[in-house]
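Everything below concerns the one structure shown next.
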Amino acid sequence: MSFDNTSVVITGGSRGIGRSIAKVFARETNHHLILIARDVDALNSVKSECLELGANNVDVLAIDLTNPISLANIDIEQLNPAILINNAGSFLFKPLKNTSSEEFEDQISINTTSIFNITKRFLPSLLKHKRALIVNICSQASLKGYAHSGAYTASKHALLGYTRSLRQELLDSTIGVTAINLGQTYSTSWDGVDIHPKLLID
């Protein structure tokens, strides 16, 4: 598959897994990188890292993906994306019995609805390419239940279901759709949780 002269969009690109993905693309490819998150200062820090690693062009967009209105003003044609990596997410380490309705809805909004919003916005542009790719960063929590993170698990189950349905809808198109079901990965998501880093994926 060739994606010459196209950009890679990485959501949640300001830290953790998204930051690591961006750095690999910067080091290994010549793609124009589009990093999306809410924290513009953190985004600019990752942008500097990517440029130091050899990226030719890096743009940052400080956007709240849970609000579809915030996506309306993006000039997608100018960005020319062919790869969309949906990594933005939030992890709530809390038993369901102690989880508020607001916290539950927040997990669904960040981990599932935001992916729906940006994919819907970028899909017409992706369909114009001879080949394009959507990658949704899911989780082992998309596949089985976990105690102490029920709201997160529910949102990741929903994200995998969305991914599978989107794949079926796009079978006859030029877009590939895939999910990556990561295990517990050492990132800022675990801040404040009493777990040894050696028990997590580096």
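In the structure tokens, chains take letters A, B, ... by order of appearance, with residues numbered from 1 within each chain and ligands from 1 in the order shown.
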
Taking the DSSP assignment computed from this structure's backbone, write out as a ChimeraX atom specification all residues of stretch 38-191 of chain A that belong to helix (DSSP H, G or I). /A:40-52,68-71,76-79,96-98,101-126,140-142,150-169,188-190

Excluding A:Leu182 and residues on its chain fewer than 3 positions from it, collect all residues at most 7 Å away from it, counting only C-alpha atoms, and give them as a list in words.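 Skipping anything fewer than 3 positions along the chain leaves Cys138, Ser139 and Gln140 of chain A.
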
Could you save the residues just selected, with all heavy atoms, as a PDB file, in the first residue's frame?
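Result file is selection26.pdb:
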```
ATOM      1  N   CYS A 138      -7.806   0.270  20.288  1.00  0.00           N
ATOM      2  CA  CYS A 138      -8.760  -0.291  21.240  1.00  0.00           C
ATOM      3  C   CYS A 138      -8.005  -0.833  22.461  1.00  0.00           C
ATOM      4  O   CYS A 138      -7.055  -0.201  22.916  1.00  0.00           O
ATOM      5  CB  CYS A 138      -9.603  -1.365  20.562  1.00  0.00           C
ATOM      6  SG  CYS A 138     -10.704  -0.719  19.265  1.00  0.00           S
ATOM      7  N   SER A 139      -8.372  -1.983  22.963  1.00  0.00           N
ATOM      8  CA  SER A 139      -7.796  -2.450  24.217  1.00  0.00           C
ATOM      9  C   SER A 139      -8.181  -3.908  24.445  1.00  0.00           C
ATOM     10  O   SER A 139      -9.154  -4.402  23.873  1.00  0.00           O
ATOM     11  CB  SER A 139      -8.332  -1.587  25.365  1.00  0.00           C
ATOM     12  OG  SER A 139      -8.024  -2.136  26.627  1.00  0.00           O
ATOM     13  N   GLN A 140      -7.414  -4.582  25.286  1.00  0.00           N
ATOM     14  CA  GLN A 140      -7.866  -5.888  25.755  1.00  0.00           C
ATOM     15  C   GLN A 140      -9.200  -5.756  26.483  1.00  0.00           C
ATOM     16  O   GLN A 140      -9.976  -6.708  26.554  1.00  0.00           O
ATOM     17  CB  GLN A 140      -6.811  -6.508  26.679  1.00  0.00           C
ATOM     18  CG  GLN A 140      -5.580  -7.025  25.952  1.00  0.00           C
ATOM     19  CD  GLN A 140      -5.908  -8.165  25.015  1.00  0.00           C
ATOM     20  OE1 GLN A 140      -6.435  -9.185  25.428  1.00  0.00           O
ATOM     21  NE2 GLN A 140      -5.607  -7.982  23.736  1.00  0.00           N
TER      22      GLN A 140
END
```

Who sits within 8 Å of stretch 46-54 of chain A, only C-alpha atoms, same chain under 2 positions skipped, as a PyMOL selection string: chain A and resi 13-15+19+22-23+26-27+35+42-44+56-60

For the interface of stretch 4-95 of chain A with stretch 156-164 of chain A (cut-off 12 Å, counting only C-alpha atoms), please tabulate each contacting residue of stretch 4-95 of chain A alongside its nearest pair of atoms and their separation in Å to one decimal, rows sorted by chain and increasing number, as CSV.
```
residue,atom,partner,partner_atom,distance
A:Asn86,CA,A:Leu159,CA,10.4
A:Asn87,CA,A:Leu159,CA,11.2
A:Ala88,CA,A:Leu159,CA,11.7
A:Gly89,CA,A:Lys156,CA,9.5
A:Ser90,CA,A:Lys156,CA,10.3
A:Phe91,CA,A:Lys156,CA,10.1
A:Leu92,CA,A:Lys156,CA,11.7
```

Check which residues of stretch 83-193 of chain A sit at most 12 Å from stretch 61-72 of chain A using only C-alpha atoms, and return one row each with the closest pair of atoms and their distance in Å to one decimal, ordered by chain and rising number, as a Markdown table.
```
| residue | atom | partner | partner_atom | distance |
| --- | --- | --- | --- | --- |
| A:Asn86 | CA | A:Leu65 | CA | 10.6 |
| A:Asn87 | CA | A:Leu65 | CA | 11.4 |
| A:Ala88 | CA | A:Leu65 | CA | 8.6 |
| A:Gly89 | CA | A:Leu65 | CA | 10.2 |
| A:Ser90 | CA | A:Thr66 | CA | 11.9 |
| A:Glu105 | CA | A:Thr66 | CA | 11.3 |
| A:Asp106 | CA | A:Thr66 | CA | 9.3 |
| A:Gln107 | CA | A:Thr66 | CA | 10.6 |
| A:Ile108 | CA | A:Thr66 | CA | 9.7 |
| A:Ser109 | CA | A:Thr66 | CA | 6.0 |
| A:Ile110 | CA | A:Thr66 | CA | 6.1 |
| A:Asn111 | CA | A:Thr66 | CA | 9.1 |
| A:Thr112 | CA | A:Thr66 | CA | 9.0 |
| A:Thr113 | CA | A:Thr66 | CA | 6.3 |
| A:Ser114 | CA | A:Thr66 | CA | 4.5 |
| A:Ile115 | CA | A:Leu65 | CA | 7.6 |
| A:Phe116 | CA | A:Thr66 | CA | 9.0 |
| A:Asn117 | CA | A:Pro68 | CA | 5.8 |
| A:Ile118 | CA | A:Leu65 | CA | 6.7 |
| A:Thr119 | CA | A:Leu65 | CA | 10.2 |
| A:Lys120 | CA | A:Pro68 | CA | 9.5 |
| A:Arg121 | CA | A:Leu71 | CA | 7.2 |
| A:Phe122 | CA | A:Leu71 | CA | 9.5 |
```

Near A:Pro124, counting only C-alpha atoms, which residues have an atom at most 12 Å away, once you skip same-chain residues fewer than 3 positions from it, shown as a ChimeraX atom specification? /A:76-77,80-82,118-121,127-129,132,170,173-175

Contacts of A:Gly176 at 10 Å (only C-alpha atoms; same-chain gap of 2+ positions) as a list of chain:residue names: A:Ile83, A:Arg131, A:Ala132, A:Leu133, A:Ile134, A:Val135, A:Leu166, A:Arg167, A:Leu170, A:Leu171, A:Asp172, A:Ser173, A:Thr174, A:Thr178
